[in-house]
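A.B. asks: Supplied in structure tokens, the structure appears directly below.
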Amino acid sequence: MAKKSFREAINETLLQEMRRDPTVIVMGEDIAGGAGSPGEDDAWGGVLGVTKGLVAEFGRERVLDTPLTESAYVGAAAGAAATGLRPVAELMFVDFMGVCFDQIFNQAAKFRYMFGGKAVTPMVIRTMYGAGFRAASQHSQCLYPIFTHIPGLKVAIPSSAYEAKGLLTQAIRDDDPVMFFEHKAMYDEEEDVPDDPYTIPFGEANLTREGDDVTIVAIGRMVQFSNQVADKLEADGISCTVVDPRTTSPLDEDTILECAEETGRVVVVDEANPRCSMARDIAALVAERSFGALKAPVRQVTPPHTPVPFAPGLEDLYIPTPDKIEAAVREVAAA
Amino acid sequence: MTKTIQAVTMPKWGLAMTEGMVAAWHVEEGSEIAAGDEILDIETTKITNAFEAPGAGVLRRQVVAEGETVPVGALLAVVAGADVTDADIDAFIADFEANFDAEAAAAAEGGGPEPEVTEAGGRRLRYLKAGDGDATPALLLHGFGGDLNSWMFNQPALAEDRPVFALDLPGHGGSAKEVGPGDVAALAAAATDFMDALGIDRAHLAGHSLGGAVALAIALDDPTRAASLTLVCPAGLGPDINMDYIEGFIAAGRRKQLKPVLEQLFADPELVSRDMMEDIIKYKRLDGAVAALQTIAGAAFAGGRQATVMNDQVEAVSAPVQVIWGTQDRIVPAAHADTLPPQVEVHRFDDAGHMVHMEKAAEVNGLLTGFIAE
């Protein structure tokens, strides 16, 4: 076992699953790094180098550089999945997903249902999300709540390199379409990741911290921030449970409710826009099902309901930070 | 009385340990101590255990207070003769602290033994080697569901005198997950393949639980390979096995399910830590791990009984044999030791369970090093 970055963990997963199963293919914009430029095939490996090395081992039959037409290649991936391949399509920034909603919402997500269970759609769409990159409002959104809203899609949001490998392996082997969200600020973060393949089941939340006073439910990158807060507050006598749902669809409601009832105090941390977000969804779940156990109102830590600002100072204010999470936890702990 | 001043420093137990907390002092300042005395308890994220005095003298100073956490290599206490002045002790501590660099110590530790991988008998086997020299090596074999970290409290003590190899049996830890038929004979053949691959003709074998049966099978199959046998709560000496444990271990996918299963391993269930459970769950997620455990359980414990029982063959083992058992063992009953011939030394610990080599590490280390040195 060695320390690997989030980026390396994803790269290794793609490599291992392509070796294991010849029906696994990858496709996307620039993922081989420059179609038509001889000698420069693998110069890029995607906009942030995640698919580097794949074309060298598997060739252009299985590593497809696509034109800049998400609607075409995401549709092609859905069709390929329904007819026997396991495509992993990379859609650079989740912000661009709008042009292929029909292919995802009405086709891939519905095949199993509309064909009476006679079709499966083992397809993964990998995509980058999240703010903090000074990339402005069209390259910084989270948008996973939109996909979580659609029955038939599974949505995985890994919170670390170890989680990324296990969840992506599961996503590729899964027979349903999976939206796989990678926070662009996390690619260089390292931790111990086993060399051998492994899977983390969907719909099984992980408790990254266990405490008695406050439950923090956090999504993706916010899990790390919440862990930092939990460690800091432990010294001040406030002990926190941190719940990482890992997948927002399926959502491990049982674990969230169990922790909410054990502590009676809940903070939900979500980097997505607040309206119709996971924060709203989880807060409503807890309020409806565990109301009797609550000792304080559920608090949500989210950005304001605005586009992600381009001005660096404003972008920093927009993103939920450990300080904001800490303030919310202290508030519910004192209530 | 010697004028030497000895530093007692935070040990490194297991590959992942970077720091430890002083949970309790057992010896007051000014007390005489002998090498091997348990002088304090150290708590890591994985487990709490007693720490033995590395040398004899007077415990002159407790440098770290109870409840404090310090990095591996940090000064915990000073042992010296009664004739050493307080000023000399103060100077020694000041000098140590001035030269101690936690990051450098951690980096140096990181450069210590790391697990390695070898190809043996057509499969990948992972092992950890510690210690060196010409003395007959020792080979440590963990039990069902365990791995080389099972020996984290024992391997360093043994490695002071000889090379010590802790092996991941097939299906376990970082070794390949193909286990063949998965019975005791197949695991013994894999361990022998490992010895061949590393050029180890003969070794002191120590096996825990299922690894004990494996060690015994190696010695019976080819007496030239075993210099001695230490069987810790071993399988292979009787028919009984706690199938609730075996099946629970295989089935548990989450910490909450695993906890009551693992608590059966220890006399003190508090020893089951979050990290211990997390490591096991991560192992079980690896491709092929659960299938390997199922194959081994189906072969070695078919029908809820141990399939390979060798207690009536122990007399035929030419190498010296000792057995160590926690009488509160809830996995393999300690009564299995009652059937052994008189030449086998049996050591029982009343306040320990199946993981006696962890719960009574100091005592077990004493028995291991003493027995092997003979």
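Scheme for the structure tokens: letters A, B, ... for chains in order shown; per-chain residue numbers from 1; ligand numbers from 1 in order shown.
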List every residue of chain B that has an atom at most 10 Å from any atom of chain A, giving for each one its closest atom pair and the distance in Å to one decimal, counting only C-alpha atoms, sorted by chain and then by ascending residue number, as CSV.
C.D. replies:
```
residue,atom,partner,partner_atom,distance
B:Glu114,CA,A:Met1,CA,9.9
B:Pro115,CA,A:Met1,CA,8.8
B:Gly174,CA,A:Met1,CA,8.1
B:Ser175,CA,A:Asp196,CA,9.8
B:Ala176,CA,A:Asp196,CA,9.3
B:Gly253,CA,A:Pro201,CA,9.4
B:Arg254,CA,A:Glu204,CA,8.7
B:Arg255,CA,A:Leu207,CA,9.4
B:Arg274,CA,A:Glu210,CA,9.4
B:Ile281,CA,A:Ile200,CA,10.0
B:Lys282,CA,A:Tyr198,CA,8.3
B:Tyr283,CA,A:Tyr198,CA,8.6
B:Lys284,CA,A:Tyr198,CA,8.6
B:Arg285,CA,A:Tyr198,CA,5.2
B:Leu286,CA,A:Tyr198,CA,4.1
B:Asp287,CA,A:Tyr198,CA,5.2
B:Gly288,CA,A:Tyr198,CA,8.8
B:Ala289,CA,A:Tyr198,CA,9.4
```
A.B. asks: Include N, CA, C and O atoms and write out the residues we just selected as a CSV table (one decimal), in the first residue's frame.
C.D. replies:
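The resulting file, selection02.csv, is shown below:
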```
chain,number,residue,atom,x,y,z
B,114,GLU,N,9.6,-2.1,5.8
B,114,GLU,CA,8.3,-1.9,5.0
B,114,GLU,C,8.0,-3.3,4.5
B,114,GLU,O,8.9,-4.1,4.2
B,115,PRO,N,6.7,-3.6,4.4
B,115,PRO,CA,6.3,-4.9,3.8
B,115,PRO,C,6.9,-5.0,2.4
B,115,PRO,O,7.0,-4.0,1.6
B,174,GLY,N,-1.9,-8.3,2.2
B,174,GLY,CA,-1.5,-7.9,0.8
B,174,GLY,C,-1.1,-9.1,-0.1
B,174,GLY,O,-0.5,-8.9,-1.1
B,175,SER,N,-1.3,-10.3,0.4
B,175,SER,CA,-1.0,-11.5,-0.5
B,175,SER,C,-2.1,-11.7,-1.5
B,175,SER,O,-3.2,-11.2,-1.3
B,176,ALA,N,-1.8,-12.5,-2.5
B,176,ALA,CA,-2.8,-12.9,-3.5
B,176,ALA,C,-4.0,-13.6,-2.9
B,176,ALA,O,-3.8,-14.2,-1.8
B,253,GLY,N,-20.0,-6.3,7.1
B,253,GLY,CA,-19.5,-5.4,6.1
B,253,GLY,C,-19.3,-4.0,6.7
B,253,GLY,O,-18.7,-3.1,6.1
B,254,ARG,N,-19.8,-3.8,7.9
B,254,ARG,CA,-19.7,-2.4,8.5
B,254,ARG,C,-19.2,-2.6,10.0
B,254,ARG,O,-19.3,-3.6,10.6
B,255,ARG,N,-18.7,-1.5,10.5
B,255,ARG,CA,-18.1,-1.5,11.8
B,255,ARG,C,-19.0,-2.0,12.8
B,255,ARG,O,-18.7,-2.7,13.8
B,274,ARG,N,-11.5,1.4,16.7
B,274,ARG,CA,-12.1,1.9,15.5
B,274,ARG,C,-11.1,1.5,14.3
B,274,ARG,O,-11.5,1.1,13.3
B,281,ILE,N,-12.2,-4.0,7.6
B,281,ILE,CA,-13.2,-3.7,6.6
B,281,ILE,C,-12.6,-3.4,5.3
B,281,ILE,O,-13.0,-3.9,4.2
B,282,LYS,N,-11.5,-2.6,5.4
B,282,LYS,CA,-10.8,-2.3,4.1
B,282,LYS,C,-10.2,-3.6,3.5
B,282,LYS,O,-10.2,-3.7,2.3
B,283,TYR,N,-9.7,-4.5,4.3
B,283,TYR,CA,-9.2,-5.7,3.8
B,283,TYR,C,-10.3,-6.5,3.1
B,283,TYR,O,-10.1,-7.0,2.0
B,284,LYS,N,-11.4,-6.6,3.8
B,284,LYS,CA,-12.5,-7.4,3.2
B,284,LYS,C,-13.1,-6.8,1.9
B,284,LYS,O,-13.7,-7.6,1.2
B,285,ARG,N,-12.9,-5.5,1.7
B,285,ARG,CA,-13.4,-4.9,0.4
B,285,ARG,C,-12.5,-5.3,-0.8
B,285,ARG,O,-13.0,-5.2,-1.9
B,286,LEU,N,-11.3,-5.8,-0.5
B,286,LEU,CA,-10.4,-6.1,-1.7
B,286,LEU,C,-11.0,-7.2,-2.5
B,286,LEU,O,-11.6,-8.2,-2.0
B,287,ASP,N,-10.8,-7.1,-3.8
B,287,ASP,CA,-11.3,-8.2,-4.7
B,287,ASP,C,-10.8,-9.6,-4.2
B,287,ASP,O,-9.6,-9.7,-4.0
B,288,GLY,N,-11.7,-10.5,-4.1
B,288,GLY,CA,-11.3,-11.9,-3.7
B,288,GLY,C,-11.2,-12.2,-2.3
B,288,GLY,O,-11.0,-13.3,-1.9
B,289,ALA,N,-11.2,-11.1,-1.4
B,289,ALA,CA,-10.9,-11.4,0.0
B,289,ALA,C,-12.0,-12.2,0.7
B,289,ALA,O,-11.7,-13.2,1.4
```
A.B. asks: So that I can check the surroundings of range 295-307 of chain B, please list as a PyMOL selection string every protein, DNA and RNA residue that reaches within 6 Å of it, counting only C-alpha atoms and ignoring chain neighbours fewer than 3 positions away.
C.D. replies: chain B and resi 182-183+239-240+243+292
A.B. asks: Can you tell me, as a list in words, what residues are no more than 7 Å from Asp42 in chain A when counting only C-alpha atoms, ignoring any on the same chain fewer than 5 positions away?
C.D. replies: Ala32, Gly33, Lys52, Gly53 and Val55 of chain A
A.B. asks: Using DSSP assignments from the backbone, pull out every residue in range 19-203 of chain A that falls under strand (DSSP E or B) and give it to me as a ChimeraX atom specification.
C.D. replies: /A:24-28,63-65,86-93,124-129,154-156,178-183,190-193,198
A.B. asks: Looking only at alpha helix (DSSP H) from DSSP on the backbone, list the matching residues of range 54-142 of chain B as a ChimeraX atom specification.
C.D. replies: /B:86-99,102-110
